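model_26.cif follows (mmCIF, C-alpha atoms):
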```
data_input
#
loop_
_atom_site.group_PDB
_atom_site.id
_atom_site.type_symbol
_atom_site.label_atom_id
_atom_site.label_comp_id
_atom_site.auth_asym_id
_atom_site.auth_seq_id
_atom_site.Cartn_x
_atom_site.Cartn_y
_atom_site.Cartn_z
ATOM 1 C CA MET A 1 -16.718 9.828 -28.508
ATOM 2 C CA ASP A 2 -16.891 6.894 -30.909
ATOM 3 C CA THR A 3 -13.984 5.226 -29.173
ATOM 4 C CA LEU A 4 -15.737 5.491 -25.815
ATOM 5 C CA VAL A 5 -18.991 4.077 -27.183
ATOM 6 C CA ASN A 6 -17.222 1.141 -28.695
ATOM 7 C CA GLU A 7 -14.948 0.703 -25.665
ATOM 8 C CA PRO A 8 -11.848 -0.113 -27.615
ATOM 9 C CA THR A 9 -8.990 -1.907 -26.030
ATOM 10 C CA ALA A 10 -6.507 0.551 -24.663
ATOM 11 C CA GLU A 11 -2.815 0.674 -25.258
ATOM 12 C CA ARG A 12 -2.141 1.900 -21.764
ATOM 13 C CA MET A 13 0.977 0.784 -20.042
ATOM 14 C CA ASP A 14 1.585 -0.113 -16.460
ATOM 15 C CA ALA A 15 4.677 0.992 -14.649
ATOM 16 C CA THR A 16 6.656 -1.855 -16.194
ATOM 17 C CA GLY A 17 5.635 -0.908 -19.727
ATOM 18 C CA THR A 18 3.312 -3.881 -20.063
ATOM 19 C CA PRO A 19 0.140 -2.858 -21.893
ATOM 20 C CA LEU A 20 -3.198 -3.354 -20.186
ATOM 21 C CA ASN A 21 -4.932 -3.781 -23.479
ATOM 22 C CA GLY A 22 -7.881 -5.870 -22.525
ATOM 23 C CA ALA A 23 -9.720 -3.163 -20.630
ATOM 24 C CA PRO A 24 -11.622 0.017 -21.405
ATOM 25 C CA ALA A 25 -9.416 3.057 -21.510
ATOM 26 C CA GLU A 26 -10.761 4.523 -18.283
ATOM 27 C CA PHE A 27 -10.073 1.406 -16.261
ATOM 28 C CA ALA A 28 -6.664 0.974 -17.860
ATOM 29 C CA ALA A 29 -5.797 4.500 -16.741
ATOM 30 C CA ILE A 30 -6.905 3.704 -13.202
ATOM 31 C CA TYR A 31 -4.770 0.586 -13.167
ATOM 32 C CA GLN A 32 -1.802 2.519 -14.480
ATOM 33 C CA GLU A 33 -2.129 5.150 -11.789
ATOM 34 C CA HIS A 34 -2.902 2.988 -8.773
ATOM 35 C CA SER A 35 -1.488 -0.487 -9.353
ATOM 36 C CA GLN A 36 1.850 0.206 -7.710
ATOM 37 C CA ALA A 37 0.280 1.539 -4.526
ATOM 38 C CA ILE A 38 -2.206 -1.309 -4.262
ATOM 39 C CA TYR A 39 0.359 -3.975 -5.017
ATOM 40 C CA TYR A 40 2.733 -2.573 -2.409
ATOM 41 C CA LEU A 41 0.008 -2.599 0.223
ATOM 42 C CA THR A 42 -0.904 -6.215 -0.497
ATOM 43 C CA LEU A 43 2.760 -7.201 -0.522
ATOM 44 C CA ARG A 44 3.676 -5.669 2.822
ATOM 45 C CA PHE A 45 0.361 -6.522 4.448
ATOM 46 C CA LEU A 46 0.372 -10.178 3.425
ATOM 47 C CA GLY A 47 4.129 -10.629 3.427
ATOM 48 C CA ASP A 48 4.338 -12.902 0.423
ATOM 49 C CA PRO A 49 4.931 -11.826 -3.205
ATOM 50 C CA GLN A 50 2.788 -14.542 -4.753
ATOM 51 C CA LYS A 51 -0.077 -13.952 -2.353
ATOM 52 C CA ALA A 52 0.261 -10.240 -2.985
ATOM 53 C CA GLU A 53 0.114 -10.710 -6.738
ATOM 54 C CA ASP A 54 -2.967 -12.894 -6.407
ATOM 55 C CA ALA A 55 -4.607 -10.409 -4.063
ATOM 56 C CA ALA A 56 -3.810 -7.384 -6.218
ATOM 57 C CA HIS A 57 -5.189 -9.197 -9.254
ATOM 58 C CA ASP A 58 -8.402 -10.001 -7.404
ATOM 59 C CA VAL A 59 -8.697 -6.435 -6.127
ATOM 60 C CA PHE A 60 -8.497 -4.903 -9.580
ATOM 61 C CA LEU A 61 -10.767 -7.506 -11.095
ATOM 62 C CA LYS A 62 -13.329 -6.765 -8.396
ATOM 63 C CA ALA A 63 -12.909 -3.067 -9.076
ATOM 64 C CA PHE A 64 -13.417 -3.655 -12.782
ATOM 65 C CA ARG A 65 -16.599 -5.615 -12.159
ATOM 66 C CA HIS A 66 -18.044 -3.014 -9.794
ATOM 67 C CA PHE A 67 -16.718 0.186 -11.322
ATOM 68 C CA ASP A 68 -20.123 1.089 -12.681
ATOM 69 C CA GLN A 69 -21.333 1.159 -9.073
ATOM 70 C CA PHE A 70 -18.599 3.550 -7.974
ATOM 71 C CA ARG A 71 -20.359 6.862 -7.538
ATOM 72 C CA GLY A 72 -17.369 8.991 -6.634
ATOM 73 C CA GLN A 73 -18.168 9.167 -2.947
ATOM 74 C CA SER A 74 -14.451 8.918 -2.326
ATOM 75 C CA ALA A 75 -11.276 9.176 -4.318
ATOM 76 C CA VAL A 76 -10.614 6.216 -6.577
ATOM 77 C CA ARG A 77 -7.488 5.294 -4.652
ATOM 78 C CA THR A 78 -9.389 5.281 -1.365
ATOM 79 C CA TRP A 79 -12.008 3.041 -2.930
ATOM 80 C CA LEU A 80 -9.338 0.658 -4.214
ATOM 81 C CA TYR A 81 -7.636 0.597 -0.830
ATOM 82 C CA ARG A 82 -10.934 -0.289 0.796
ATOM 83 C CA ILE A 83 -11.340 -3.260 -1.543
ATOM 84 C CA ALA A 84 -7.727 -4.284 -0.954
ATOM 85 C CA ILE A 85 -7.915 -4.056 2.836
ATOM 86 C CA ASN A 86 -11.127 -6.055 3.018
ATOM 87 C CA HIS A 87 -9.720 -8.627 0.627
ATOM 88 C CA CYS A 88 -6.471 -9.027 2.541
ATOM 89 C CA ARG A 89 -8.246 -9.328 5.861
ATOM 90 C CA ASN A 90 -10.556 -11.979 4.458
ATOM 91 C CA LEU A 91 -7.562 -13.884 3.181
ATOM 92 C CA GLN A 92 -5.816 -13.718 6.531
ATOM 93 C CA GLN A 93 -8.867 -14.925 8.359
ATOM 94 C CA THR A 94 -8.987 -17.843 5.978
ATOM 95 C CA TRP A 95 -5.320 -18.731 6.319
ATOM 96 C CA GLN A 96 -4.923 -17.917 10.003
ATOM 97 C CA SER A 97 -1.272 -17.680 9.246
ATOM 98 C CA ARG A 98 -0.498 -14.593 11.275
ATOM 99 C CA HIS A 99 0.147 -14.218 14.987
ATOM 100 C CA ILE A 100 -2.660 -12.223 16.514
ATOM 101 C CA PHE A 101 -1.676 -9.532 19.029
ATOM 102 C CA SER A 102 -4.289 -8.485 21.510
ATOM 103 C CA ASN A 103 -4.633 -4.887 22.651
ATOM 104 C CA ALA A 104 -2.935 -5.894 25.867
ATOM 105 C CA ASP A 105 0.280 -6.208 23.896
ATOM 106 C CA ASP A 106 0.240 -2.482 23.271
ATOM 107 C CA ALA A 107 1.876 -2.163 26.683
ATOM 108 C CA VAL A 108 4.937 -3.858 25.246
ATOM 109 C CA TRP A 109 5.279 -1.220 22.564
ATOM 110 C CA GLU A 110 4.428 1.629 24.904
ATOM 111 C CA GLY A 111 7.400 0.684 26.990
ATOM 112 C CA ALA A 112 9.756 0.759 24.045
ATOM 113 C CA VAL A 113 13.116 2.226 24.878
ATOM 114 C CA ALA A 114 13.508 5.972 24.397
ATOM 115 C CA LYS A 115 16.278 5.527 21.861
ATOM 116 C CA THR A 116 13.662 4.414 19.372
ATOM 117 C CA GLU A 117 12.853 8.099 18.914
ATOM 118 C CA SER A 118 16.024 8.410 16.863
ATOM 119 C CA PRO A 119 15.882 8.218 13.073
ATOM 120 C CA LEU A 120 16.010 4.868 11.378
ATOM 121 C CA ARG A 121 19.442 4.235 10.070
ATOM 122 C CA VAL A 122 20.085 1.720 7.333
ATOM 123 C CA LEU A 123 23.570 0.740 6.286
ATOM 124 C CA GLU A 124 22.677 -2.001 3.854
ATOM 125 C CA THR A 125 19.772 -1.515 1.487
ATOM 126 C CA LYS A 126 20.279 -4.789 -0.304
ATOM 127 C CA GLU A 127 18.024 -6.821 1.967
ATOM 128 C CA LEU A 128 16.055 -3.903 3.248
ATOM 129 C CA GLY A 129 12.800 -5.269 1.927
ATOM 130 C CA GLN A 130 13.170 -8.438 3.952
ATOM 131 C CA ARG A 131 14.004 -6.502 7.072
ATOM 132 C CA ILE A 132 11.018 -4.216 6.588
ATOM 133 C CA GLN A 133 8.734 -7.186 6.031
ATOM 134 C CA LYS A 134 10.017 -8.909 9.144
ATOM 135 C CA THR A 135 9.383 -5.776 11.151
ATOM 136 C CA LEU A 136 5.884 -5.304 9.785
ATOM 137 C CA ASP A 137 5.061 -8.955 10.394
ATOM 138 C CA ALA A 138 5.929 -8.509 14.041
ATOM 139 C CA LEU A 139 3.530 -5.608 14.520
ATOM 140 C CA PRO A 140 -0.154 -5.772 15.373
ATOM 141 C CA GLU A 141 -2.189 -5.643 12.214
ATOM 142 C CA GLU A 142 -3.624 -2.206 12.977
ATOM 143 C CA TYR A 143 -0.132 -0.706 13.291
ATOM 144 C CA ARG A 144 1.037 -2.432 10.127
ATOM 145 C CA LEU A 145 -1.917 -1.198 8.128
ATOM 146 C CA LEU A 146 -1.715 2.307 9.557
ATOM 147 C CA LEU A 147 1.935 2.738 8.660
ATOM 148 C CA LEU A 148 1.368 1.419 5.142
ATOM 149 C CA LEU A 149 -1.512 3.817 4.567
ATOM 150 C CA VAL A 150 0.278 6.810 6.067
ATOM 151 C CA ALA A 151 3.245 6.041 3.841
ATOM 152 C CA ASP A 152 1.017 6.808 0.855
ATOM 153 C CA GLU A 153 1.243 10.573 0.586
ATOM 154 C CA GLU A 154 -1.913 10.716 -1.511
ATOM 155 C CA LEU A 155 -4.047 9.727 1.472
ATOM 156 C CA SER A 156 -5.140 12.258 4.056
ATOM 157 C CA TYR A 157 -5.607 11.353 7.707
ATOM 158 C CA GLU A 158 -9.332 11.735 7.165
ATOM 159 C CA GLU A 159 -9.264 9.208 4.326
ATOM 160 C CA ILE A 160 -7.158 6.845 6.399
ATOM 161 C CA GLY A 161 -9.619 7.284 9.213
ATOM 162 C CA ALA A 162 -12.467 6.364 6.905
ATOM 163 C CA LEU A 163 -10.592 3.270 5.752
ATOM 164 C CA THR A 164 -9.802 2.144 9.279
ATOM 165 C CA GLU A 165 -13.041 3.344 10.876
ATOM 166 C CA GLN A 166 -11.553 5.837 13.280
ATOM 167 C CA THR A 167 -11.179 9.592 13.556
ATOM 168 C CA ALA A 168 -8.243 11.557 12.193
ATOM 169 C CA ASP A 169 -7.270 12.425 15.773
ATOM 170 C CA ALA A 170 -7.271 8.773 16.733
ATOM 171 C CA ILE A 171 -5.091 8.118 13.706
ATOM 172 C CA ARG A 172 -2.544 10.681 14.843
ATOM 173 C CA GLY A 173 -2.361 9.189 18.318
ATOM 174 C CA LYS A 174 -2.099 5.637 17.121
ATOM 175 C CA LEU A 175 0.482 6.618 14.530
ATOM 176 C CA HIS A 176 2.822 7.758 17.262
ATOM 177 C CA ARG A 177 2.625 4.339 18.919
ATOM 178 C CA ALA A 178 2.931 2.537 15.605
ATOM 179 C CA ARG A 179 6.093 4.469 14.760
ATOM 180 C CA LYS A 180 7.632 3.584 18.104
ATOM 181 C CA ALA A 181 6.705 -0.049 17.698
ATOM 182 C CA PHE A 182 8.169 -0.185 14.206
ATOM 183 C CA ALA A 183 11.385 1.528 15.213
ATOM 184 C CA ALA A 184 11.810 -0.683 18.270
ATOM 185 C CA HIS A 185 11.600 -3.834 16.234
ATOM 186 C CA PHE A 186 13.478 -2.549 13.217
ATOM 187 C CA GLN A 187 16.451 -1.455 15.217
ATOM 188 C CA LYS A 188 16.459 -4.586 17.317
ATOM 189 C CA ASP A 189 17.141 -6.792 14.332
ATOM 190 C CA PRO A 190 19.600 -5.102 11.909
ATOM 191 C CA MET B 1 34.468 4.026 9.816
ATOM 192 C CA LYS B 2 33.370 7.590 10.277
ATOM 193 C CA GLN B 3 30.678 7.880 12.946
ATOM 194 C CA GLN B 4 27.581 9.925 12.410
ATOM 195 C CA SER B 5 27.191 12.656 15.012
ATOM 196 C CA LYS B 6 24.225 12.375 17.366
ATOM 197 C CA LEU B 7 21.215 14.137 15.904
ATOM 198 C CA THR B 8 19.332 16.853 17.741
ATOM 199 C CA SER B 9 15.600 16.506 18.177
ATOM 200 C CA GLU B 10 15.202 19.112 15.444
ATOM 201 C CA GLN B 11 17.225 17.099 12.981
ATOM 202 C CA GLN B 12 15.234 14.014 13.848
ATOM 203 C CA HIS B 13 12.217 15.599 12.219
ATOM 204 C CA ASP B 14 14.014 16.327 8.993
ATOM 205 C CA ALA B 15 13.330 14.459 5.813
ATOM 206 C CA VAL B 16 15.617 11.735 4.509
ATOM 207 C CA GLN B 17 19.242 12.381 5.284
ATOM 208 C CA HIS B 18 22.246 10.610 3.971
ATOM 209 C CA THR B 19 24.986 9.490 6.297
ATOM 210 C CA SER B 20 28.616 9.818 5.471
ATOM 211 C CA GLU B 21 28.864 6.103 4.648
ATOM 212 C CA PRO B 22 28.266 5.563 0.914
ATOM 213 C CA GLN B 23 25.688 2.841 1.514
ATOM 214 C CA GLY B 24 24.082 4.398 4.580
ATOM 215 C CA LYS B 25 20.696 6.063 4.651
ATOM 216 C CA THR B 26 18.773 7.684 7.449
ATOM 217 C CA PHE B 27 15.022 7.934 7.498
ATOM 218 C CA GLY B 28 13.122 10.322 9.726
ATOM 219 C CA SER B 29 10.169 8.012 10.196
ATOM 220 C CA PRO B 30 8.947 4.524 9.320
ATOM 221 C CA GLU B 31 6.728 6.048 6.648
ATOM 222 C CA GLU B 32 9.727 7.529 4.867
ATOM 223 C CA LEU B 33 11.401 4.145 4.984
ATOM 224 C CA LEU B 34 8.296 2.508 3.541
ATOM 225 C CA ARG B 35 8.096 5.103 0.762
ATOM 226 C CA PHE B 36 11.703 4.370 -0.135
ATOM 227 C CA ASP B 37 10.905 0.667 -0.130
ATOM 228 C CA ALA B 38 7.764 1.200 -2.197
ATOM 229 C CA ALA B 39 9.681 3.179 -4.795
ATOM 230 C CA GLN B 40 11.880 0.148 -5.305
ATOM 231 C CA THR B 41 9.007 -2.317 -5.523
ATOM 232 C CA PRO B 42 7.637 -2.511 -9.064
ATOM 233 C CA VAL B 43 4.404 -4.145 -10.069
ATOM 234 C CA PRO B 44 5.167 -7.622 -11.422
ATOM 235 C CA GLY B 45 4.605 -7.851 -15.161
ATOM 236 C CA GLN B 46 2.825 -11.129 -14.544
ATOM 237 C CA LEU B 47 0.135 -9.325 -12.570
ATOM 238 C CA THR B 48 -0.708 -7.086 -15.496
ATOM 239 C CA GLU B 49 -0.769 -10.005 -17.912
ATOM 240 C CA ARG B 50 -3.072 -11.994 -15.648
ATOM 241 C CA LEU B 51 -5.386 -9.069 -15.197
ATOM 242 C CA ASN B 52 -5.422 -8.519 -18.957
ATOM 243 C CA ARG B 53 -6.611 -12.070 -19.485
ATOM 244 C CA SER B 54 -9.161 -11.877 -16.701
ATOM 245 C CA VAL B 55 -10.636 -8.586 -17.856
ATOM 246 C CA ALA B 56 -10.784 -9.814 -21.450
ATOM 247 C CA SER B 57 -12.794 -12.799 -20.227
ATOM 248 C CA GLU B 58 -15.327 -10.685 -18.395
ATOM 249 C CA PRO B 59 -18.786 -10.406 -19.972
ATOM 250 C CA ARG B 60 -19.616 -6.945 -21.297
ATOM 251 C CA SER B 61 -23.255 -6.110 -20.735
ATOM 252 C CA ASP B 62 -25.141 -3.270 -22.415
ATOM 253 C CA ALA B 63 -25.984 -1.930 -18.983
ATOM 254 C CA SER B 64 -22.293 -1.681 -18.231
ATOM 255 C CA LYS B 65 -21.644 0.334 -21.386
ATOM 256 C CA THR B 66 -24.526 2.665 -20.621
ATOM 257 C CA SER B 67 -23.278 3.309 -17.098
ATOM 258 C CA TRP B 68 -19.788 4.155 -18.399
ATOM 259 C CA LEU B 69 -21.284 6.793 -20.681
ATOM 260 C CA ARG B 70 -23.611 8.104 -18.004
ATOM 261 C CA ARG B 71 -20.756 8.572 -15.618
ATOM 262 C CA LEU B 72 -18.562 10.274 -18.174
ATOM 263 C CA PHE B 73 -21.121 12.651 -19.612
ATOM 264 C CA GLY B 74 -23.349 13.116 -16.590
ATOM 265 C CA GLY B 75 -26.492 11.991 -18.401
ATOM 266 C CA SER B 76 -29.391 10.002 -16.895
#
```
Rewrite the coordinates I just gave you, this time as structure tokens.
Amino acid sequence: MDTLVNEPTAERMDATGTPLNGAPAEFAAIYQEHSQAIYYLTLRFLGDPQKAEDAAHDVFLKAFRHFDQFRGQSAVRTWLYRIAINHCRNLQQTWQSRHIFSNADDAVWEGAVAKTESPLRVLETKELGQRIQKTLDALPEEYRLLLLLVADEELSYEEIGALTEQTADAIRGKLHRARKAFAAHFQKDP
Amino acid sequence: MKQQSKLTSEQQHDAVQHTSEPQGKTFGSPEELLRFDAAQTPVPGQLTERLNRSVASEPRSDASKTSWLRRLFGGS
């Protein structure tokens, strides 16, 4: 109990083994558990490693500042994702560096060739990250975000729905279209 | 190069499969591909160091300490 009262610095490590020793133990544990997921979302959503690092830093700093206001209404990861998504969207609105696809463009993806139902085959994994990023960049933001969130197995459809302000059923329907869109673009540019 | 046989619709729903080519991988869905990609994407050490410095610079109020304890022990 004494250690909690005095809030000692914690010798917690992140996934790389780097200690997060400037934070209370509870927050350090949260960073250790969720930093990889949050960083990956910012990386693939923003498409730039430096911007992703900056965004992930800001997300966790914001979480640290407001953690006393977190009342456990959702899982910690969901709460962190909410901060990250809002932060990334704000950044994009500021930069205006992305192409914006209107809903009318959904027709393009709906008409994707049937062969996109086949599994995604990758022969070379060396530059896979670049290829994935290029594919995600080509998608409408809602598809990009949906696929990134669904890829996190710790999130339920209900939690994803809460993060994206839609029902779990809507998520399932949109996911089908997002998968087709991803596959169509991924396979088009090997 | 040995060709992979065409997959049935059943096999298309399987989890990750490996092709006969040593460097080839097959993913059943974009999410599986993203999980594979995520597993190979570590958090930059620089991020942790920056956050360390930022957190260490944050003011620590008494109210903040009290709320930590309240949350942990369920007191008022």
Let me know the residues the PyMOL selection byres ((chain A and resi 128-139) around 7) catches in the file above, as a PDB file with C-alpha atoms, in the frame of the given file.
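Saved to selection_6.pdb:
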```pdb
ATOM      1  CA  ARG A  44       3.676  -5.669   2.822  1.00  0.00           C
ATOM      2  CA  GLY A  47       4.129 -10.629   3.427  1.00  0.00           C
ATOM      3  CA  GLU A 124      22.677  -2.001   3.854  1.00  0.00           C
ATOM      4  CA  THR A 125      19.772  -1.515   1.487  1.00  0.00           C
ATOM      5  CA  LYS A 126      20.279  -4.789  -0.304  1.00  0.00           C
ATOM      6  CA  GLU A 127      18.024  -6.821   1.967  1.00  0.00           C
ATOM      7  CA  PRO A 140      -0.154  -5.772  15.373  1.00  0.00           C
ATOM      8  CA  GLU A 141      -2.189  -5.643  12.214  1.00  0.00           C
ATOM      9  CA  TYR A 143      -0.132  -0.706  13.291  1.00  0.00           C
ATOM     10  CA  ARG A 144       1.037  -2.432  10.127  1.00  0.00           C
ATOM     11  CA  PHE A 182       8.169  -0.185  14.206  1.00  0.00           C
ATOM     12  CA  HIS A 185      11.600  -3.834  16.234  1.00  0.00           C
ATOM     13  CA  PHE A 186      13.478  -2.549  13.217  1.00  0.00           C
TER      14      PHE A 186
ATOM     15  CA  ASP B  37      10.905   0.667  -0.130  1.00  0.00           C
TER      16      ASP B  37
END
```
Q) atom CA of A:Tyr157 to atom CA of A:Tyr31: how many Å, to one decimal? A) 23.5 Å
Q: Measure the distance from atom CA of B:Thr26 to atom CA of B:Ala38 in Å and round it to one decimal.
A: 16.0 Å
Q: Quote the spacing between atom CA of A:Asp152 and atom CA of A:Arg65 in Å to one decimal place.
A: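 Atom CA of A:Arg65 lies at a distance of 25.2 Å from atom CA of A:Asp152.
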Q: Could you check which of B:Asn52, B:Gln46, B:Ser57, B:Gln40 is closest to chain A, using only C-alpha atoms?
A: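 Using only C-alpha atoms, chain A sits closest to B:Asn52.
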Q: Might you spell out which residues the PyMOL selection byres ((chain A and resi 146) around 8) would select in the displayed file, as a list of chain:residue names?
A: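 That selection, the PyMOL selection byres ((chain A and resi 146) around 8), comes back as A:Glu142, A:Tyr143, A:Arg144, A:Leu145, A:Leu147, A:Leu148, A:Leu149, A:Val150, A:Ile160, A:Ile171, A:Leu175, A:Ala178.
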Preceding selection exported with C-alpha atoms as a short mmCIF file (atom, residue, chain, number, x, y, z; two decimals), in the frame of the given file:
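Final output, saved to selection.cif:
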```
data_model
loop_
_atom_site.label_atom_id
_atom_site.label_comp_id
_atom_site.auth_asym_id
_atom_site.auth_seq_id
_atom_site.Cartn_x
_atom_site.Cartn_y
_atom_site.Cartn_z
CA GLU A 142 -3.62 -2.21 12.98
CA TYR A 143 -0.13 -0.71 13.29
CA ARG A 144 1.04 -2.43 10.13
CA LEU A 145 -1.92 -1.20 8.13
CA LEU A 147 1.94 2.74 8.66
CA LEU A 148 1.37 1.42 5.14
CA LEU A 149 -1.51 3.82 4.57
CA VAL A 150 0.28 6.81 6.07
CA ILE A 160 -7.16 6.84 6.40
CA ILE A 171 -5.09 8.12 13.71
CA LEU A 175 0.48 6.62 14.53
CA ALA A 178 2.93 2.54 15.60
#
```
